[in-house]
>>> print(open('my_file17.txt').read())   # compact mmCIF, C-alpha atoms
# COMPACT_ATOMS: atom_id res chain seq x y z
CA MET A 1159 -32.32 1.96 -33.60
CA ALA A 1160 -35.92 1.52 -34.72
CA ASP A 1161 -37.91 -1.58 -33.90
CA ALA A 1162 -39.75 -3.46 -36.61
CA THR A 1163 -43.44 -2.65 -36.84
CA ASP A 1164 -45.90 -5.27 -35.81
CA VAL A 1165 -46.85 -7.62 -38.58
CA LYS A 1166 -49.68 -10.08 -38.80
CA SER A 1167 -48.75 -13.13 -36.74
CA PRO A 1168 -48.81 -16.48 -38.57
CA GLU A 1169 -52.00 -18.41 -37.96
CA THR A 1170 -51.46 -21.69 -36.15
CA GLU A 1171 -54.62 -22.51 -34.20
CA THR A 1172 -57.56 -22.81 -36.58
CA ARG A 1173 -56.31 -25.22 -39.25
CA THR A 1174 -54.97 -28.74 -39.01
CA ALA A 1175 -53.81 -31.51 -41.32
CA ASN A 1176 -54.43 -35.15 -40.50
CA LEU A 1177 -51.57 -37.60 -41.01
CA SER A 1178 -52.33 -41.31 -41.28
CA LEU A 1179 -49.35 -43.62 -40.76
CA PRO A 1180 -48.82 -47.22 -42.00
CA ASP A 1181 -49.01 -48.69 -38.50
CA GLY A 1182 -52.50 -47.32 -37.97
CA GLN A 1183 -51.54 -44.21 -36.02
CA SER A 1184 -53.25 -40.95 -36.90
CA LEU A 1185 -52.19 -37.47 -35.84
CA ASP A 1186 -53.65 -34.00 -36.29
CA LEU A 1187 -50.89 -31.52 -37.09
CA PRO A 1188 -51.30 -27.74 -36.87
CA VAL A 1189 -51.06 -25.75 -40.10
CA THR A 1190 -49.13 -22.47 -40.02
CA VAL A 1191 -50.17 -19.82 -42.55
CA GLY A 1192 -47.81 -16.92 -43.26
CA VAL A 1193 -48.83 -13.36 -44.07
CA GLU A 1194 -48.41 -14.10 -47.81
CA ASN A 1195 -50.60 -17.23 -47.45
CA GLU A 1196 -47.71 -19.66 -47.47
CA CYS A 1197 -48.89 -22.82 -45.73
CA ALA A 1198 -46.80 -25.24 -43.67
CA VAL A 1199 -47.65 -28.39 -41.75
CA ASN A 1200 -46.02 -28.12 -38.33
CA VAL A 1201 -44.46 -31.52 -37.58
CA GLY A 1202 -42.74 -30.45 -34.35
CA ALA A 1203 -44.65 -33.03 -32.28
CA LEU A 1204 -44.47 -35.85 -34.85
CA ARG A 1205 -41.62 -37.84 -33.31
CA SER A 1206 -42.68 -37.45 -29.70
CA GLU A 1207 -46.26 -38.49 -30.54
CA THR A 1208 -45.66 -41.27 -33.07
CA GLY A 1209 -41.93 -42.16 -33.22
CA TYR A 1210 -41.80 -41.05 -36.88
CA ILE A 1211 -39.73 -38.21 -38.35
CA THR A 1212 -39.92 -36.48 -41.73
CA LEU A 1213 -37.24 -37.12 -44.36
CA ASP A 1214 -36.49 -34.19 -46.68
CA PRO A 1215 -33.02 -34.43 -48.31
CA SER A 1216 -31.51 -30.97 -48.93
CA TYR A 1217 -34.45 -29.42 -47.03
CA GLY A 1218 -36.30 -28.58 -50.25
CA ASN A 1219 -39.68 -28.68 -48.49
CA THR A 1220 -38.69 -27.89 -44.92
CA GLY A 1221 -39.42 -24.57 -43.24
CA SER A 1222 -36.70 -24.17 -40.61
CA CYS A 1223 -38.05 -21.02 -39.01
CA GLN A 1224 -40.57 -18.20 -39.10
CA SER A 1225 -39.01 -14.96 -40.29
CA ASP A 1226 -40.10 -11.35 -40.87
CA ILE A 1227 -37.14 -10.40 -43.06
CA THR A 1228 -37.44 -11.50 -46.70
CA PHE A 1229 -40.25 -12.84 -48.86
CA ILE A 1230 -39.73 -14.79 -52.09
CA ASP A 1231 -42.32 -16.13 -54.52
CA GLY A 1232 -40.28 -18.22 -56.90
CA GLU A 1233 -43.14 -18.96 -59.26
CA LYS A 1234 -43.96 -15.26 -59.75
CA GLY A 1235 -40.40 -13.94 -59.58
CA ILE A 1236 -41.03 -11.79 -56.49
CA LEU A 1237 -38.39 -10.70 -53.98
CA ARG A 1238 -39.12 -8.26 -51.15
CA TYR A 1239 -37.04 -7.07 -48.20
CA ARG A 1240 -39.29 -6.32 -45.21
CA GLY A 1241 -42.18 -5.91 -47.68
CA TYR A 1242 -40.37 -3.56 -50.08
CA PRO A 1243 -40.01 -4.80 -53.71
CA ILE A 1244 -36.38 -5.34 -54.66
CA GLU A 1245 -36.90 -3.30 -57.84
CA GLN A 1246 -37.73 -0.19 -55.79
CA LEU A 1247 -34.86 -0.63 -53.37
CA ALA A 1248 -32.29 -1.21 -56.14
CA GLN A 1249 -33.44 1.90 -57.97
CA LYS A 1250 -34.06 4.32 -55.12
CA SER A 1251 -32.11 3.19 -52.06
CA SER A 1252 -28.49 2.90 -50.96
CA PHE A 1253 -26.74 -0.17 -49.58
CA THR A 1254 -26.39 1.46 -46.17
CA GLU A 1255 -30.11 2.23 -46.05
CA VAL A 1256 -31.01 -1.32 -47.11
CA ALA A 1257 -28.68 -2.72 -44.44
CA TYR A 1258 -30.55 -0.69 -41.82
CA LEU A 1259 -33.89 -1.86 -43.21
CA LEU A 1260 -32.94 -5.53 -43.09
CA ILE A 1261 -31.55 -5.43 -39.58
CA TRP A 1262 -34.08 -3.18 -37.85
CA GLY A 1263 -37.16 -3.75 -39.97
CA GLU A 1264 -37.95 -0.22 -41.14
CA LEU A 1265 -36.49 2.30 -43.56
CA PRO A 1266 -34.54 4.81 -41.48
CA THR A 1267 -35.39 8.45 -41.03
CA LYS A 1268 -32.79 10.92 -42.24
CA GLN A 1269 -31.37 11.22 -38.73
CA GLN A 1270 -31.33 7.45 -38.18
CA LEU A 1271 -29.48 6.94 -41.47
CA GLU A 1272 -26.94 9.62 -40.57
CA ASN A 1273 -26.37 8.01 -37.18
CA PHE A 1274 -25.96 4.56 -38.72
CA SER A 1275 -23.59 5.86 -41.40
CA MET A 1276 -21.56 7.59 -38.68
CA LEU A 1277 -21.42 4.33 -36.73
CA LEU A 1278 -20.07 2.57 -39.83
CA THR A 1279 -17.45 5.28 -40.30
CA GLU A 1280 -16.37 5.10 -36.66
CA ASN A 1281 -15.77 1.36 -36.97
CA GLU A 1282 -14.16 1.08 -40.41
CA MET A 1283 -10.57 0.79 -39.19
CA LEU A 1284 -8.88 -2.50 -38.35
CA HIS A 1285 -6.78 -2.89 -35.23
CA GLU A 1286 -3.11 -2.51 -36.14
CA GLY A 1287 -2.43 -5.82 -34.44
CA LEU A 1288 -4.22 -7.52 -37.32
CA ARG A 1289 -1.41 -6.60 -39.71
CA ASN A 1290 0.56 -9.57 -38.35
CA ALA A 1291 -2.41 -11.81 -39.03
CA PHE A 1292 -2.51 -10.68 -42.67
CA GLU A 1293 1.20 -11.40 -42.96
CA GLY A 1294 0.51 -15.02 -42.03
CA PHE A 1295 -1.30 -15.66 -45.32
CA PRO A 1296 0.57 -16.43 -48.55
CA PRO A 1297 0.06 -13.98 -51.44
CA TYR A 1298 -1.92 -16.61 -53.34
CA GLY A 1299 -4.21 -17.38 -50.39
CA HIS A 1300 -7.86 -17.48 -51.43
CA PRO A 1301 -9.67 -14.26 -50.45
CA MET A 1302 -12.60 -16.19 -48.96
CA ALA A 1303 -10.26 -18.12 -46.65
CA ILE A 1304 -8.69 -14.85 -45.54
CA LEU A 1305 -12.07 -13.19 -45.10
CA SER A 1306 -13.53 -15.87 -42.83
CA ALA A 1307 -10.33 -16.14 -40.78
CA MET A 1308 -9.93 -12.37 -40.39
CA ILE A 1309 -13.54 -11.88 -39.29
CA ASN A 1310 -12.85 -14.17 -36.35
CA ALA A 1311 -9.41 -12.66 -35.77
CA SER A 1312 -10.88 -9.15 -35.75
CA ALA A 1313 -13.44 -10.22 -33.16
CA CYS A 1314 -10.62 -11.05 -30.78
CA TYR A 1315 -9.89 -7.33 -30.54
CA HIS A 1316 -13.54 -6.43 -29.90
CA PRO A 1317 -15.20 -8.13 -26.92
CA ASP A 1318 -18.62 -6.86 -28.04
CA LEU A 1319 -18.28 -9.04 -31.13
CA MET A 1320 -17.27 -12.05 -29.08
CA GLU A 1321 -19.90 -11.76 -26.38
CA MET A 1322 -22.63 -9.16 -26.21
CA SER A 1323 -23.52 -8.17 -22.67
CA GLY A 1324 -26.97 -7.03 -23.78
CA GLU A 1325 -29.00 -5.85 -26.76
CA ASP A 1326 -27.48 -2.37 -26.43
CA ASP A 1327 -24.23 -3.86 -27.74
CA PHE A 1328 -25.84 -5.25 -30.87
CA PRO A 1329 -25.97 -2.06 -33.03
CA ILE A 1330 -22.24 -1.49 -32.52
CA ALA A 1331 -21.43 -5.15 -33.18
CA ALA A 1332 -23.49 -5.07 -36.40
CA ALA A 1333 -21.86 -1.84 -37.57
CA LYS A 1334 -18.37 -3.19 -36.87
CA LEU A 1335 -18.96 -6.27 -39.01
CA ILE A 1336 -20.61 -4.43 -41.93
CA SER A 1337 -17.90 -1.77 -41.92
CA LYS A 1338 -14.83 -3.91 -41.26
CA VAL A 1339 -15.71 -6.63 -43.77
CA ARG A 1340 -14.98 -4.28 -46.68
CA THR A 1341 -11.72 -3.16 -45.07
CA ILE A 1342 -10.65 -6.78 -44.60
CA ALA A 1343 -11.56 -7.57 -48.21
CA ALA A 1344 -9.62 -4.60 -49.58
CA PHE A 1345 -6.59 -5.32 -47.39
CA SER A 1346 -6.50 -8.95 -48.53
CA TYR A 1347 -6.64 -7.85 -52.17
CA LYS A 1348 -3.78 -5.41 -51.70
CA LYS A 1349 -1.69 -8.12 -50.09
CA SER A 1350 -2.39 -10.53 -52.97
CA ILE A 1351 -0.97 -8.08 -55.52
CA GLY A 1352 1.96 -6.92 -53.36
CA GLN A 1353 0.71 -3.39 -52.73
CA PRO A 1354 0.52 -1.59 -49.36
CA ALA A 1355 -2.90 -1.52 -47.72
CA ARG A 1356 -4.84 1.72 -48.02
CA TYR A 1357 -6.68 3.02 -44.99
CA PRO A 1358 -10.38 3.87 -45.25
CA ASN A 1359 -11.36 7.47 -45.95
CA PRO A 1360 -14.10 8.67 -43.57
CA ALA A 1361 -15.21 11.34 -46.04
CA LEU A 1362 -16.41 8.76 -48.58
CA SER A 1363 -19.62 6.77 -48.80
CA TYR A 1364 -19.63 3.05 -48.02
CA CYS A 1365 -19.17 1.91 -51.62
CA ALA A 1366 -16.84 4.71 -52.71
CA ASN A 1367 -14.68 4.04 -49.66
CA PHE A 1368 -14.34 0.38 -50.58
CA LEU A 1369 -13.28 1.26 -54.13
CA HIS A 1370 -10.77 3.75 -52.70
CA MET A 1371 -9.22 1.05 -50.50
CA MET A 1372 -9.12 -1.39 -53.40
CA PHE A 1373 -7.58 0.79 -56.07
CA SER A 1374 -5.77 3.76 -54.51
CA ILE A 1375 -1.98 3.59 -54.37
CA PRO A 1376 0.54 5.74 -52.48
CA TYR A 1377 0.59 9.23 -54.02
CA GLY A 1378 -2.15 8.15 -56.40
CA ARG A 1379 -5.63 8.29 -54.92
CA TYR A 1380 -8.32 6.49 -56.89
CA GLU A 1381 -11.38 8.60 -57.64
CA PRO A 1382 -14.27 6.22 -58.24
CA GLU A 1383 -16.63 7.08 -61.07
CA PRO A 1384 -20.15 7.82 -59.79
CA GLU A 1385 -21.46 5.16 -62.17
CA ALA A 1386 -19.15 2.55 -60.67
CA THR A 1387 -20.19 3.48 -57.15
CA LYS A 1388 -23.88 3.27 -58.09
CA ALA A 1389 -23.44 -0.09 -59.83
CA LEU A 1390 -21.58 -1.49 -56.81
CA SER A 1391 -24.33 -0.27 -54.48
CA GLN A 1392 -26.95 -2.00 -56.65
CA PHE A 1393 -24.90 -5.20 -56.68
CA LEU A 1394 -24.64 -5.20 -52.89
CA ILE A 1395 -28.34 -4.41 -52.42
CA LEU A 1396 -29.37 -7.29 -54.69
CA HIS A 1397 -27.19 -9.69 -52.70
CA ALA A 1398 -28.09 -8.36 -49.24
CA ASP A 1399 -30.53 -11.16 -48.36
CA HIS A 1400 -32.29 -14.08 -49.96
CA GLU A 1401 -34.29 -15.86 -47.30
CA GLN A 1402 -33.12 -19.29 -46.02
CA ASN A 1403 -30.34 -20.04 -48.50
CA CYS A 1404 -27.37 -22.26 -47.63
CA SER A 1405 -25.19 -19.58 -46.02
CA THR A 1406 -28.02 -17.83 -44.18
CA SER A 1407 -29.30 -21.14 -42.83
CA THR A 1408 -25.73 -21.85 -41.73
CA VAL A 1409 -25.57 -18.54 -39.84
CA ARG A 1410 -28.85 -19.29 -38.08
CA MET A 1411 -27.82 -22.86 -37.26
CA VAL A 1412 -24.44 -21.83 -35.85
CA GLY A 1413 -26.09 -19.00 -33.93
CA SER A 1414 -28.60 -21.43 -32.42
CA SER A 1415 -25.72 -22.88 -30.36
CA GLN A 1416 -25.38 -19.35 -28.89
CA ALA A 1417 -22.19 -18.86 -30.88
CA ASN A 1418 -21.37 -15.17 -31.13
CA LEU A 1419 -22.30 -13.00 -34.10
CA SER A 1420 -18.78 -12.93 -35.51
CA ALA A 1421 -18.34 -16.71 -35.43
CA SER A 1422 -21.76 -17.21 -36.99
CA VAL A 1423 -21.18 -14.91 -39.96
CA ALA A 1424 -17.68 -16.36 -40.47
CA ALA A 1425 -19.41 -19.73 -40.87
CA GLY A 1426 -21.71 -18.08 -43.39
CA VAL A 1427 -18.68 -16.95 -45.38
CA CYS A 1428 -17.44 -20.55 -45.53
CA ALA A 1429 -20.84 -21.79 -46.71
CA LEU A 1430 -20.99 -19.07 -49.36
CA TRP A 1431 -17.58 -20.09 -50.69
CA GLY A 1432 -18.97 -23.18 -52.45
CA PRO A 1433 -19.30 -23.13 -56.25
CA LEU A 1434 -22.98 -24.06 -56.00
CA HIS A 1435 -23.65 -20.94 -53.90
CA GLY A 1436 -21.58 -17.77 -53.93
CA GLY A 1437 -18.97 -19.11 -56.33
CA ALA A 1438 -21.42 -19.35 -59.23
CA ASN A 1439 -20.75 -15.81 -60.51
CA MET A 1440 -17.12 -16.75 -61.14
CA ALA A 1441 -18.25 -19.70 -63.25
CA VAL A 1442 -20.42 -17.43 -65.41
CA ILE A 1443 -17.64 -14.98 -66.28
CA GLU A 1444 -15.30 -17.92 -66.98
CA MET A 1445 -17.89 -19.39 -69.36
CA LEU A 1446 -18.39 -16.09 -71.20
CA THR A 1447 -14.63 -15.57 -71.44
CA ARG A 1448 -14.15 -19.09 -72.80
CA ILE A 1449 -16.78 -18.55 -75.51
CA GLN A 1450 -15.15 -15.25 -76.44
CA GLU A 1451 -11.61 -16.61 -76.58
CA THR A 1452 -12.48 -19.75 -78.56
CA GLY A 1453 -14.61 -17.85 -81.05
CA MET A 1454 -17.40 -20.39 -80.65
CA SER A 1455 -20.81 -19.16 -81.74
CA VAL A 1456 -23.56 -18.90 -79.16
CA LYS A 1457 -25.70 -21.21 -81.29
CA ASP A 1458 -23.01 -23.92 -81.22
CA TYR A 1459 -22.50 -23.48 -77.47
CA VAL A 1460 -26.21 -23.84 -76.81
CA GLU A 1461 -26.31 -27.03 -78.84
CA LYS A 1462 -23.39 -28.43 -76.85
CA VAL A 1463 -25.24 -27.58 -73.65
CA LYS A 1464 -28.30 -29.46 -74.87
CA LYS A 1465 -26.08 -32.47 -75.63
CA ARG A 1466 -24.62 -32.16 -72.09
CA GLU A 1467 -21.16 -31.52 -73.52
CA MET A 1468 -21.04 -28.04 -71.92
CA LYS A 1469 -22.69 -26.38 -68.94
CA LEU A 1470 -24.80 -23.23 -69.13
CA MET A 1471 -23.80 -21.29 -66.04
CA GLY A 1472 -25.99 -18.58 -64.52
CA PHE A 1473 -29.29 -20.17 -65.52
CA GLY A 1474 -31.82 -21.81 -63.23
CA HIS A 1475 -32.37 -21.38 -59.52
CA ARG A 1476 -33.40 -23.57 -56.60
CA VAL A 1477 -36.29 -21.24 -55.71
CA TYR A 1478 -37.12 -19.19 -58.81
CA LYS A 1479 -39.15 -21.02 -61.45
CA ASN A 1480 -39.48 -17.77 -63.33
CA PHE A 1481 -37.07 -14.95 -64.22
CA ASP A 1482 -34.91 -14.00 -61.22
CA PRO A 1483 -35.94 -10.36 -60.59
CA ARG A 1484 -32.37 -9.52 -59.60
CA ALA A 1485 -31.10 -10.65 -63.02
CA LYS A 1486 -33.40 -8.18 -64.78
CA ILE A 1487 -32.00 -5.33 -62.71
CA LEU A 1488 -28.38 -6.36 -63.24
CA GLN A 1489 -28.86 -6.80 -66.97
CA LYS A 1490 -29.78 -3.13 -67.30
CA ALA A 1491 -27.17 -2.08 -64.74
CA ALA A 1492 -24.40 -3.85 -66.69
CA ALA A 1493 -25.39 -2.20 -69.96
CA ASP A 1494 -25.66 1.24 -68.36
CA LEU A 1495 -22.31 0.92 -66.58
CA LEU A 1496 -20.37 -0.16 -69.66
CA ASP A 1497 -22.01 2.56 -71.71
CA LYS A 1498 -21.25 5.32 -69.20
CA LEU A 1499 -17.66 4.15 -68.71
CA GLY A 1500 -17.13 3.80 -72.45
CA ILE A 1501 -16.22 0.11 -72.12
CA THR A 1502 -16.84 -2.37 -74.91
CA ASP A 1503 -17.08 -5.89 -73.54
CA ARG A 1504 -17.88 -8.66 -75.98
CA ARG A 1505 -18.91 -10.83 -73.04
CA LEU A 1506 -21.98 -8.65 -72.44
CA GLU A 1507 -23.02 -9.22 -76.04
CA ILE A 1508 -22.45 -12.96 -75.62
CA ALA A 1509 -24.51 -12.93 -72.42
CA ARG A 1510 -27.41 -11.22 -74.19
CA GLU A 1511 -27.21 -13.67 -77.07
CA LEU A 1512 -27.16 -16.61 -74.67
CA GLU A 1513 -30.14 -15.24 -72.80
CA GLU A 1514 -32.12 -14.71 -75.99
CA ALA A 1515 -31.23 -18.16 -77.31
CA ALA A 1516 -32.18 -19.88 -74.06
CA LEU A 1517 -35.44 -17.99 -73.58
CA THR A 1518 -36.63 -18.94 -77.07
CA ASP A 1519 -35.57 -22.59 -76.94
CA ASP A 1520 -38.12 -25.07 -75.56
CA TYR A 1521 -35.29 -27.16 -74.09
CA PHE A 1522 -34.57 -24.42 -71.55
CA VAL A 1523 -38.07 -22.95 -71.26
CA SER A 1524 -39.61 -26.34 -70.44
CA ARG A 1525 -37.01 -26.81 -67.71
CA LYS A 1526 -37.66 -23.29 -66.38
CA LEU A 1527 -34.02 -22.33 -66.85
CA TYR A 1528 -34.03 -18.55 -66.68
CA PRO A 1529 -31.08 -16.22 -66.01
CA ASN A 1530 -30.29 -15.80 -62.31
CA VAL A 1531 -28.49 -13.09 -60.35
CA ASP A 1532 -25.06 -14.52 -61.20
CA PHE A 1533 -25.50 -14.19 -64.95
CA TYR A 1534 -24.73 -10.47 -65.26
CA SER A 1535 -23.05 -9.68 -61.95
CA GLY A 1536 -19.57 -10.74 -63.09
CA ILE A 1537 -19.66 -8.31 -66.02
CA ILE A 1538 -20.42 -5.46 -63.61
CA LEU A 1539 -17.66 -6.45 -61.19
CA ASN A 1540 -15.12 -6.81 -64.02
CA ALA A 1541 -16.05 -3.36 -65.37
CA ILE A 1542 -15.47 -1.86 -61.91
CA GLY A 1543 -12.07 -3.57 -61.77
CA ILE A 1544 -12.79 -6.37 -59.29
CA PRO A 1545 -10.69 -9.47 -60.11
CA THR A 1546 -12.50 -12.75 -60.62
CA ASN A 1547 -11.15 -14.39 -57.47
CA MET A 1548 -12.76 -11.58 -55.45
CA PHE A 1549 -16.27 -12.11 -56.85
CA THR A 1550 -17.44 -14.32 -54.00
CA VAL A 1551 -15.97 -11.90 -51.47
CA MET A 1552 -18.13 -9.18 -53.01
CA PHE A 1553 -21.14 -11.45 -52.56
CA ALA A 1554 -20.19 -11.86 -48.88
CA ILE A 1555 -19.90 -8.09 -48.35
CA GLY A 1556 -23.37 -7.66 -49.78
CA ARG A 1557 -24.87 -10.55 -47.79
CA MET A 1558 -23.47 -9.36 -44.44
CA PRO A 1559 -26.57 -7.29 -43.45
CA GLY A 1560 -28.84 -10.24 -44.22
CA TRP A 1561 -26.74 -12.64 -42.16
CA ILE A 1562 -26.71 -10.19 -39.26
CA ALA A 1563 -30.47 -9.66 -39.51
CA HIS A 1564 -31.15 -13.40 -39.42
CA TRP A 1565 -28.73 -13.98 -36.55
CA TYR A 1566 -30.40 -11.19 -34.57
CA GLU A 1567 -33.90 -12.46 -35.33
CA ALA A 1568 -32.98 -15.96 -34.15
CA TYR A 1569 -31.21 -14.47 -31.12
CA LYS A 1570 -34.39 -12.66 -30.09
CA GLN A 1571 -36.53 -15.73 -30.71
CA ALA A 1572 -34.28 -17.68 -28.30
CA GLY A 1573 -35.20 -21.03 -29.80
CA ARG A 1574 -33.65 -24.41 -29.20
CA ILE A 1575 -30.34 -25.40 -30.75
CA CYS A 1576 -30.83 -26.60 -34.33
CA ARG A 1577 -30.38 -30.34 -34.49
CA PRO A 1578 -31.74 -32.22 -37.54
CA ARG A 1579 -32.57 -35.92 -37.34
CA GLN A 1580 -31.56 -38.64 -39.79
CA ILE A 1581 -32.57 -42.03 -41.10
CA TYR A 1582 -29.69 -44.40 -40.34
CA THR A 1583 -28.64 -46.66 -43.27
CA GLY A 1584 -25.39 -48.21 -41.93
CA PRO A 1585 -24.71 -51.71 -40.49
CA THR A 1586 -26.98 -53.03 -37.77
CA GLU A 1587 -25.44 -54.11 -34.46
CA ARG A 1588 -22.32 -56.27 -34.76
CA GLN A 1589 -19.64 -57.48 -32.36
CA TYR A 1590 -16.08 -56.27 -32.13
CA VAL A 1591 -13.50 -58.69 -33.59
CA PRO A 1592 -9.92 -58.53 -32.21
CA ILE A 1593 -7.36 -57.49 -34.80
CA ALA A 1594 -5.61 -60.89 -34.72
CA GLU A 1595 -8.84 -62.59 -35.84
CA ARG A 1596 -9.75 -60.28 -38.70
>>> encode(input="my_file17.txt", output="structure tokens")
Amino acid sequence: MADATDVKSPETETRTANLSLPDGQSLDLPVTVGVENECAVNVGALRSETGYITLDPSYGNTGSCQSDITFIDGEKGILRYRGYPIEQLAQKSSFTEVAYLLIWGELPTKQQLENFSMLLTENEMLHEGLRNAFEGFPPYGHPMAILSAMINASACYHPDLMEMSGEDDFPIAAAKLISKVRTIAAFSYKKSIGQPARYPNPALSYCANFLHMMFSIPYGRYEPEPEATKALSQFLILHADHEQNCSTSTVRMVGSSQANLSASVAAGVCALWGPLHGGANMAVIEMLTRIQETGMSVKDYVEKVKKREMKLMGFGHRVYKNFDPRAKILQKAAADLLDKLGITDRRLEIARELEEAALTDDYFVSRKLYPNVDFYSGIILNAIGIPTNMFTVMFAIGRMPGWIAHWYEAYKQAGRICRPRQIYTGPTERQYVPIAER
């Protein structure tokens, strides 16, 4: 596999910030400047030098690492993977190619892409022993619970996932996870609807193969429409990485304990499961469906949102204070997909009306509430045939290359175990009272 090209190292020596503390202490702290001129005050020596720590609830202003993988400028609505604008990758690339880019730092040559694709194909099957593990889940078991559990269960059959003996094992371990995660997802879906699992077809591309495993039945092979395959590839590309979000930070933190790659990404799946993270796309489609079924006008819904009687899902983002660039791409992708498949979905019309209403209303504009990636993604997944309870699983499949890339980057950096500090707010010292005296 290719190594990432050398990039400009962050500057740490020539700039400092002076911190004056209430007790009279003063400390010069180094300033780190990234290649996109992001500036950070390095407080690594603060506690050892002064006894103070920083307090930053939810880590809104804390840089946990230095990374070469993804750059975001939330104010300008910029997202780049390894320097490449997301708009170019979504239009011109494939999910497999983007996965290679994220993990190894460069777009692959034709031969490198063929080798990587072959590695994915060679590792797409699940060990037959895992069938018993699938049988242990009830039909109504949540797909995310099954996904995280089966990633760890699958690793038990592959020692290179549990413990790499060297960096030569990493490409195979990465390929196994990226390839098997879609097989696990499709198998869990088939179990939930009482159908037999369909084995992967090595003749198909990554996305077409997943759709085959999801929707083919015995004696009735599903032939995915090219438009559906393209839309799914775009969806996965747009979700492939997003810097130090909750799940990615979880993967890096778990990996810092020297936990294996499989255990680390399984933890990422659990973090992604939350409704404030990967579960948000489900909330959007539920909102659009509710508006459609009740016959409520978009104008009335917007007014209820402003009165805090309803929630406007799919708007606003922790990082973006401008239009999420991924939402722009998915808006067009949703319209193109429905048009090419001949599907009429009133929810797309409602989504457009909601977007227009919000972007012209000062209530939302002043709060910088713009559509995010979740706003249109559910419409695309529904059009492809993905059930709502599988939406977050689709997010996880897309995010797998990013999680692997971050785990590998932290692995190579060989840093200390992540261990945040806290400010204690509980009782001060007190003496134990025997139970008879309480």
>>> residues_around(input="my_file17.txt", residues="segment 1388-1396 of chain A", least_positions_apart="6", cutoff="8 Å", atoms="all atoms listed in the file", output="MDAnalysis selection string")
chainID A and resid 1244 1247:1249 1252:1253 1256 1365 1484 1488 1491:1492 1495 1535 1538:1539 1542 1552:1553 1555:1557
>>> write_last_selection(input="my_file17.txt", atoms="C-alpha atoms", output="tab-separated table (two decimals), in the frame of the given file")
chain	number	residue	atom	x	y	z
A	1244	ILE	CA	-36.38	-5.34	-54.66
A	1247	LEU	CA	-34.86	-0.63	-53.37
A	1248	ALA	CA	-32.29	-1.21	-56.14
A	1249	GLN	CA	-33.44	1.90	-57.97
A	1252	SER	CA	-28.49	2.90	-50.96
A	1253	PHE	CA	-26.74	-0.17	-49.58
A	1256	VAL	CA	-31.01	-1.32	-47.11
A	1365	CYS	CA	-19.17	1.91	-51.62
A	1484	ARG	CA	-32.37	-9.52	-59.60
A	1488	LEU	CA	-28.38	-6.36	-63.24
A	1491	ALA	CA	-27.17	-2.08	-64.74
A	1492	ALA	CA	-24.40	-3.85	-66.69
A	1495	LEU	CA	-22.31	0.92	-66.58
A	1535	SER	CA	-23.05	-9.68	-61.95
A	1538	ILE	CA	-20.42	-5.46	-63.61
A	1539	LEU	CA	-17.66	-6.45	-61.19
A	1542	ILE	CA	-15.47	-1.86	-61.91
A	1552	MET	CA	-18.13	-9.18	-53.01
A	1553	PHE	CA	-21.14	-11.45	-52.56
A	1555	ILE	CA	-19.90	-8.09	-48.35
A	1556	GLY	CA	-23.37	-7.66	-49.78
A	1557	ARG	CA	-24.87	-10.55	-47.79
>>> closest_residue(input="my_file17.txt", among="A:Tyr1380, A:Ser1414, A:Gly1241, A:Leu1187", to="Ala1568 of chain A", atoms="all atoms listed in the file")
A:Ser1414
>>> closest_residue(input="my_file17.txt", among="A:Leu1259, A:Met1471, A:Ala1417, A:Leu1319", to="Leu1271 of chain A", atoms="all atoms listed in the file")
A:Leu1259
>>> atom_distance(input="my_file17.txt", atom1="atom CA of Tyr1364 of chain A", atom2="atom CA of Asn1540 of chain A")
19.3 Å
>>> closest_residue(input="my_file17.txt", among="A:Gly1432, A:Pro1384, A:Gly1352, A:Gly1299", to="Ala1366 of chain A", atoms="all atoms listed in the file")
A:Pro1384
>>> residues_around(input="my_file17.txt", residues="Arg1577 of chain A", least_positions_apart="4", cutoff="12 Å", atoms="all atoms listed in the file", output="list in words")
Ser1222, Arg1410, Met1411, Val1412, Ser1414, Ser1415 and Gly1573 of chain A
>>> atom_distance(input="my_file17.txt", atom1="atom CA of Gly1413 of chain A", atom2="atom CA of Phe1328 of chain A")
14.1 Å
>>> atom_distance(input="my_file17.txt", atom1="atom CA of Val1523 of chain A", atom2="atom CA of Gln1489 of chain A")
19.1 Å
>>> residues_around(input="my_file17.txt", residues="Leu1260 of chain A", least_positions_apart="5", cutoff="9 Å", atoms="only C-alpha atoms", output="list in words")
Ile1227, Thr1228, Tyr1239, Arg1240, Glu1255, Leu1265, Ala1398, Asp1399, Pro1559, Gly1560, Ile1562, Ala1563 and His1564 of chain A
>>> closest_residue(input="my_file17.txt", among="A:Ile1304, A:Ile1537, A:Cys1314, A:Val1477", to="Ser1350 of chain A", atoms="only C-alpha atoms")
A:Ile1304
>>> closest_residue(input="my_file17.txt", among="A:Gly1536, A:Ile1487, A:Thr1408, A:Tyr1347", to="His1300 of chain A", atoms="all atoms listed in the file")
A:Tyr1347
>>> residues_near_point(input="my_file17.txt", point="(-16.2, -14.4, -37.8)", cutoff="6 Å", atoms="all atoms listed in the file", output="PyMOL selection string")
chain A and resi 1306+1309-1310+1420-1421+1423-1424
>>> closest_residue(input="my_file17.txt", among="A:Leu1506, A:Asp1326, A:Cys1223, A:His1397", to="Trp1565 of chain A", atoms="all atoms listed in the file")
A:Cys1223
